[in-house]
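In what follows, a single structure is set out as structure tokens and then discussed.
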Amino acid sequence: MSHAPQLYTLYQQLLEKSKTMLQLAREGLWDELIASEMDYVNAVHKLTQCMQETQPSAQTQEQLRPVLRAILNNESEVKRLLQSRMAELAKLVGQSSIQKSVLTTYGKQGGHILAPQDKLDTLP
């Protein structure tokens with residue numbers, strides 16, 4: 001019995017999940033993206049199991065090639081967007097560290113306010 005229809009369905013489901021993840025990444029919905037990742041991993045696992053049970057024919061492989069290419073393109077774009085987000089977060093963390101350092105340094109002055117002296121007050 002051929003597993004080609006089931007295999008094609010699994011690839012289509014994986015493609016839809018990858019499209020969803022890409023859309024979430026493009027919209028900056030990072031929490032939702034991370035939450036959807038487990039569904040994606042489970043779909044990959046299910047597809048892998050199916051592939052281990054039967055070797056698809058050359059014709060089936062040829063039919064699946066564009067779907068696989070689209071999945072890989074989506075994965076690449078999601079990865080690129082995630083790397084961009086990580087760089088953005090690293091920049092924010094760096095700025096936060098600098099602010100903390102400045103506050104710590106100036107906080108050691110014990111609440112004294114440093115201001116230039118008014119020279120008019122010191123004139124005779």
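By convention here, the chains of the structure tokens are called A, B, ... in the order presented, each chain's residues are numbered starting at 1, and ligands are numbered starting at 1 in the order presented.
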Can you check which residues of chain A DSSP gives as helix (DSSP H, G or I) on the backbone and send them as a short mmCIF file (atom, residue, chain, number, x, y, z; two decimals) with N, CA and C atoms, in the first residue's frame?
```cif
data_model
loop_
_atom_site.label_atom_id
_atom_site.label_comp_id
_atom_site.auth_asym_id
_atom_site.auth_seq_id
_atom_site.Cartn_x
_atom_site.Cartn_y
_atom_site.Cartn_z
N ALA A 4 1.97 7.53 -0.09
CA ALA A 4 2.14 8.83 -0.75
C ALA A 4 1.08 9.85 -0.34
N PRO A 5 -0.22 9.51 -0.33
CA PRO A 5 -1.21 10.51 0.07
C PRO A 5 -1.01 10.98 1.52
N GLN A 6 -0.71 10.04 2.41
CA GLN A 6 -0.48 10.40 3.80
C GLN A 6 0.77 11.28 3.92
N LEU A 7 1.80 10.93 3.20
CA LEU A 7 3.04 11.69 3.22
C LEU A 7 2.81 13.10 2.70
N TYR A 8 2.08 13.20 1.61
CA TYR A 8 1.79 14.51 1.04
C TYR A 8 0.98 15.36 2.02
N THR A 9 0.02 14.74 2.70
CA THR A 9 -0.79 15.45 3.70
C THR A 9 0.09 15.95 4.84
N LEU A 10 1.01 15.12 5.31
CA LEU A 10 1.91 15.52 6.39
C LEU A 10 2.80 16.69 5.97
N TYR A 11 3.29 16.64 4.75
CA TYR A 11 4.11 17.75 4.24
C TYR A 11 3.29 19.04 4.14
N GLN A 12 2.05 18.92 3.69
CA GLN A 12 1.18 20.09 3.59
C GLN A 12 0.90 20.68 4.98
N GLN A 13 0.66 19.82 5.95
CA GLN A 13 0.43 20.29 7.32
C GLN A 13 1.67 21.01 7.86
N LEU A 14 2.83 20.45 7.58
CA LEU A 14 4.07 21.08 8.02
C LEU A 14 4.26 22.43 7.33
N LEU A 15 3.94 22.50 6.06
CA LEU A 15 4.02 23.77 5.33
C LEU A 15 3.10 24.81 5.95
N GLU A 16 1.88 24.42 6.29
CA GLU A 16 0.95 25.37 6.91
C GLU A 16 1.48 25.86 8.26
N LYS A 17 2.05 24.96 9.03
CA LYS A 17 2.62 25.35 10.33
C LYS A 17 3.79 26.30 10.13
N SER A 18 4.61 26.06 9.11
CA SER A 18 5.75 26.94 8.85
C SER A 18 5.27 28.32 8.39
N LYS A 19 4.18 28.35 7.62
CA LYS A 19 3.61 29.64 7.19
C LYS A 19 3.09 30.42 8.39
N THR A 20 2.45 29.71 9.31
CA THR A 20 1.93 30.36 10.52
C THR A 20 3.09 30.94 11.34
N MET A 21 4.14 30.16 11.51
CA MET A 21 5.29 30.63 12.28
C MET A 21 5.94 31.85 11.61
N LEU A 22 6.03 31.82 10.30
CA LEU A 22 6.61 32.95 9.57
C LEU A 22 5.75 34.20 9.75
N GLN A 23 4.45 34.05 9.67
CA GLN A 23 3.56 35.19 9.86
C GLN A 23 3.70 35.77 11.27
N LEU A 24 3.77 34.90 12.27
CA LEU A 24 3.95 35.36 13.65
C LEU A 24 5.27 36.11 13.81
N ALA A 25 6.32 35.60 13.20
CA ALA A 25 7.62 36.27 13.27
C ALA A 25 7.58 37.63 12.59
N ARG A 26 6.94 37.69 11.43
CA ARG A 26 6.84 38.97 10.71
C ARG A 26 6.05 40.01 11.50
N TRP A 30 6.34 37.22 19.25
CA TRP A 30 7.39 36.27 19.63
C TRP A 30 6.89 35.20 20.60
N ASP A 31 6.06 35.57 21.56
CA ASP A 31 5.54 34.57 22.50
C ASP A 31 4.70 33.52 21.77
N GLU A 32 3.85 33.99 20.85
CA GLU A 32 3.02 33.07 20.08
C GLU A 32 3.88 32.19 19.17
N LEU A 33 4.94 32.77 18.63
CA LEU A 33 5.84 31.99 17.78
C LEU A 33 6.47 30.86 18.57
N ILE A 34 6.96 31.16 19.75
CA ILE A 34 7.59 30.13 20.59
C ILE A 34 6.56 29.07 20.97
N ALA A 35 5.35 29.49 21.27
CA ALA A 35 4.29 28.53 21.63
C ALA A 35 3.96 27.61 20.45
N SER A 36 4.00 28.14 19.23
CA SER A 36 3.65 27.32 18.06
C SER A 36 4.80 26.39 17.65
N GLU A 37 5.97 26.64 18.18
CA GLU A 37 7.13 25.83 17.80
C GLU A 37 6.94 24.36 18.15
N MET A 38 6.31 24.06 19.27
CA MET A 38 6.13 22.67 19.67
C MET A 38 5.24 21.92 18.69
N ASP A 39 4.20 22.57 18.17
CA ASP A 39 3.35 21.95 17.15
C ASP A 39 4.19 21.63 15.90
N TYR A 40 5.06 22.55 15.55
CA TYR A 40 5.91 22.36 14.38
C TYR A 40 6.86 21.18 14.59
N VAL A 41 7.49 21.13 15.76
CA VAL A 41 8.42 20.03 16.07
C VAL A 41 7.68 18.70 16.05
N ASN A 42 6.48 18.66 16.60
CA ASN A 42 5.69 17.42 16.59
C ASN A 42 5.34 17.00 15.15
N ALA A 43 5.03 17.97 14.30
CA ALA A 43 4.71 17.65 12.91
C ALA A 43 5.95 17.10 12.19
N VAL A 44 7.12 17.67 12.47
CA VAL A 44 8.36 17.16 11.87
C VAL A 44 8.60 15.73 12.35
N HIS A 45 8.38 15.49 13.63
CA HIS A 45 8.58 14.16 14.20
C HIS A 45 7.65 13.14 13.54
N LYS A 46 6.40 13.51 13.37
CA LYS A 46 5.41 12.62 12.74
C LYS A 46 5.81 12.33 11.30
N LEU A 47 6.26 13.34 10.59
CA LEU A 47 6.71 13.17 9.21
C LEU A 47 7.93 12.25 9.14
N THR A 48 8.85 12.43 10.06
CA THR A 48 10.05 11.60 10.11
C THR A 48 9.69 10.14 10.34
N GLN A 49 8.75 9.89 11.23
CA GLN A 49 8.31 8.52 11.48
C GLN A 49 7.71 7.89 10.23
N CYS A 50 6.90 8.65 9.54
CA CYS A 50 6.27 8.15 8.31
C CYS A 50 7.34 7.85 7.26
N MET A 51 8.34 8.70 7.17
CA MET A 51 9.41 8.50 6.19
C MET A 51 10.24 7.25 6.51
N GLN A 52 10.36 6.93 7.79
CA GLN A 52 11.12 5.75 8.18
C GLN A 52 10.37 4.45 7.86
N GLU A 53 9.06 4.53 7.86
CA GLU A 53 8.24 3.35 7.58
C GLU A 53 8.26 2.97 6.11
N ALA A 58 10.28 7.82 -6.48
CA ALA A 58 10.90 8.98 -7.12
C ALA A 58 9.84 10.00 -7.55
N GLN A 59 8.71 9.50 -8.02
CA GLN A 59 7.62 10.39 -8.43
C GLN A 59 7.07 11.16 -7.23
N THR A 60 6.89 10.48 -6.12
CA THR A 60 6.39 11.13 -4.90
C THR A 60 7.40 12.17 -4.42
N GLN A 61 8.67 11.82 -4.44
CA GLN A 61 9.71 12.76 -4.03
C GLN A 61 9.69 14.02 -4.91
N GLU A 62 9.50 13.81 -6.19
CA GLU A 62 9.45 14.94 -7.13
C GLU A 62 8.24 15.83 -6.84
N GLN A 63 7.11 15.23 -6.48
CA GLN A 63 5.91 16.00 -6.16
C GLN A 63 6.08 16.77 -4.85
N LEU A 64 6.84 16.20 -3.93
CA LEU A 64 7.04 16.83 -2.62
C LEU A 64 8.13 17.90 -2.63
N ARG A 65 8.98 17.87 -3.63
CA ARG A 65 10.12 18.80 -3.68
C ARG A 65 9.72 20.27 -3.54
N PRO A 66 8.71 20.78 -4.28
CA PRO A 66 8.34 22.19 -4.12
C PRO A 66 7.81 22.51 -2.72
N VAL A 67 7.11 21.56 -2.12
CA VAL A 67 6.58 21.76 -0.77
C VAL A 67 7.74 21.85 0.22
N LEU A 68 8.68 20.94 0.08
CA LEU A 68 9.85 20.95 0.96
C LEU A 68 10.65 22.23 0.77
N ARG A 69 10.80 22.67 -0.46
CA ARG A 69 11.53 23.90 -0.74
C ARG A 69 10.84 25.09 -0.05
N ALA A 70 9.53 25.14 -0.10
CA ALA A 70 8.78 26.22 0.55
C ALA A 70 8.95 26.17 2.06
N ILE A 71 8.93 24.97 2.63
CA ILE A 71 9.13 24.80 4.07
C ILE A 71 10.51 25.31 4.47
N LEU A 72 11.52 24.93 3.71
CA LEU A 72 12.89 25.35 4.01
C LEU A 72 13.05 26.87 3.87
N ASN A 73 12.42 27.44 2.86
CA ASN A 73 12.47 28.90 2.70
C ASN A 73 11.82 29.61 3.88
N ASN A 74 10.67 29.08 4.33
CA ASN A 74 10.01 29.67 5.49
C ASN A 74 10.88 29.57 6.73
N GLU A 75 11.50 28.41 6.92
CA GLU A 75 12.39 28.22 8.07
C GLU A 75 13.54 29.21 8.03
N SER A 76 14.12 29.41 6.87
CA SER A 76 15.24 30.35 6.73
C SER A 76 14.81 31.77 7.08
N GLU A 77 13.64 32.15 6.62
CA GLU A 77 13.15 33.50 6.90
C GLU A 77 12.83 33.67 8.40
N VAL A 78 12.22 32.66 9.00
CA VAL A 78 11.95 32.72 10.45
C VAL A 78 13.27 32.84 11.21
N LYS A 79 14.25 32.08 10.80
CA LYS A 79 15.56 32.14 11.46
C LYS A 79 16.17 33.53 11.32
N ARG A 80 16.08 34.12 10.15
CA ARG A 80 16.62 35.46 9.93
C ARG A 80 15.92 36.48 10.82
N LEU A 81 14.60 36.38 10.90
CA LEU A 81 13.83 37.30 11.75
C LEU A 81 14.16 37.10 13.23
N LEU A 82 14.35 35.85 13.63
CA LEU A 82 14.73 35.58 15.03
C LEU A 82 16.12 36.14 15.34
N GLN A 83 17.04 36.01 14.42
CA GLN A 83 18.38 36.55 14.64
C GLN A 83 18.34 38.07 14.76
N SER A 84 17.51 38.70 13.95
CA SER A 84 17.34 40.14 14.02
C SER A 84 16.76 40.54 15.38
N ARG A 85 15.78 39.79 15.84
CA ARG A 85 15.17 40.05 17.15
C ARG A 85 16.18 39.85 18.28
N MET A 86 17.00 38.82 18.16
CA MET A 86 18.03 38.56 19.18
C MET A 86 19.03 39.71 19.23
N ALA A 87 19.40 40.25 18.08
CA ALA A 87 20.32 41.38 18.04
C ALA A 87 19.68 42.61 18.70
N GLU A 88 18.40 42.81 18.43
CA GLU A 88 17.67 43.91 19.03
C GLU A 88 17.62 43.77 20.56
N LEU A 89 17.34 42.55 21.03
CA LEU A 89 17.30 42.31 22.47
C LEU A 89 18.68 42.46 23.11
N ALA A 90 19.71 42.02 22.41
CA ALA A 90 21.08 42.16 22.94
C ALA A 90 21.42 43.64 23.09
N LYS A 91 21.00 44.45 22.14
CA LYS A 91 21.24 45.90 22.22
C LYS A 91 20.51 46.49 23.43
N LEU A 92 19.26 46.08 23.62
CA LEU A 92 18.49 46.57 24.77
C LEU A 92 19.12 46.14 26.10
N VAL A 93 19.59 44.91 26.16
CA VAL A 93 20.24 44.42 27.37
C VAL A 93 21.52 45.21 27.63
N GLY A 94 22.27 45.49 26.57
CA GLY A 94 23.48 46.29 26.70
C GLY A 94 23.18 47.68 27.23
N GLN A 95 22.14 48.31 26.71
CA GLN A 95 21.74 49.64 27.18
C GLN A 95 21.30 49.59 28.63
N SER A 96 20.59 48.54 28.99
CA SER A 96 20.13 48.38 30.37
C SER A 96 21.32 48.22 31.31
N SER A 97 22.33 47.46 30.88
CA SER A 97 23.52 47.26 31.70
C SER A 97 24.26 48.58 31.91
N ILE A 98 24.33 49.39 30.87
CA ILE A 98 25.00 50.69 30.98
C ILE A 98 24.23 51.57 31.94
N GLN A 99 22.90 51.58 31.83
CA GLN A 99 22.09 52.40 32.74
C GLN A 99 22.28 51.95 34.18
N LYS A 100 22.31 50.66 34.40
CA LYS A 100 22.50 50.13 35.75
C LYS A 100 23.86 50.54 36.28
N SER A 101 24.87 50.48 35.45
CA SER A 101 26.22 50.87 35.86
C SER A 101 26.27 52.35 36.22
N VAL A 102 25.64 53.18 35.42
CA VAL A 102 25.61 54.62 35.70
C VAL A 102 24.86 54.89 37.00
N LEU A 103 23.72 54.24 37.18
CA LEU A 103 22.95 54.44 38.41
C LEU A 103 23.72 53.96 39.63
N THR A 104 24.41 52.85 39.51
CA THR A 104 25.20 52.32 40.62
C THR A 104 26.33 53.28 40.96
N THR A 105 27.02 53.78 39.95
CA THR A 105 28.14 54.69 40.16
C THR A 105 27.67 55.98 40.81
N TYR A 106 26.65 56.59 40.27
CA TYR A 106 26.19 57.86 40.81
C TYR A 106 25.37 57.69 42.07
N GLY A 107 24.83 56.51 42.28
CA GLY A 107 24.08 56.23 43.50
C GLY A 107 24.98 56.19 44.72
N LYS A 119 28.59 81.76 41.62
CA LYS A 119 29.66 82.69 41.99
C LYS A 119 29.10 84.00 42.54
N LEU A 120 27.86 84.30 42.28
CA LEU A 120 27.27 85.54 42.82
C LEU A 120 27.14 85.47 44.33
N ASP A 121 26.94 84.27 44.87
CA ASP A 121 26.78 84.12 46.31
C ASP A 121 28.09 84.33 47.05
N THR A 122 29.20 84.16 46.38
CA THR A 122 30.51 84.23 47.05
C THR A 122 31.15 85.60 46.91
#
```
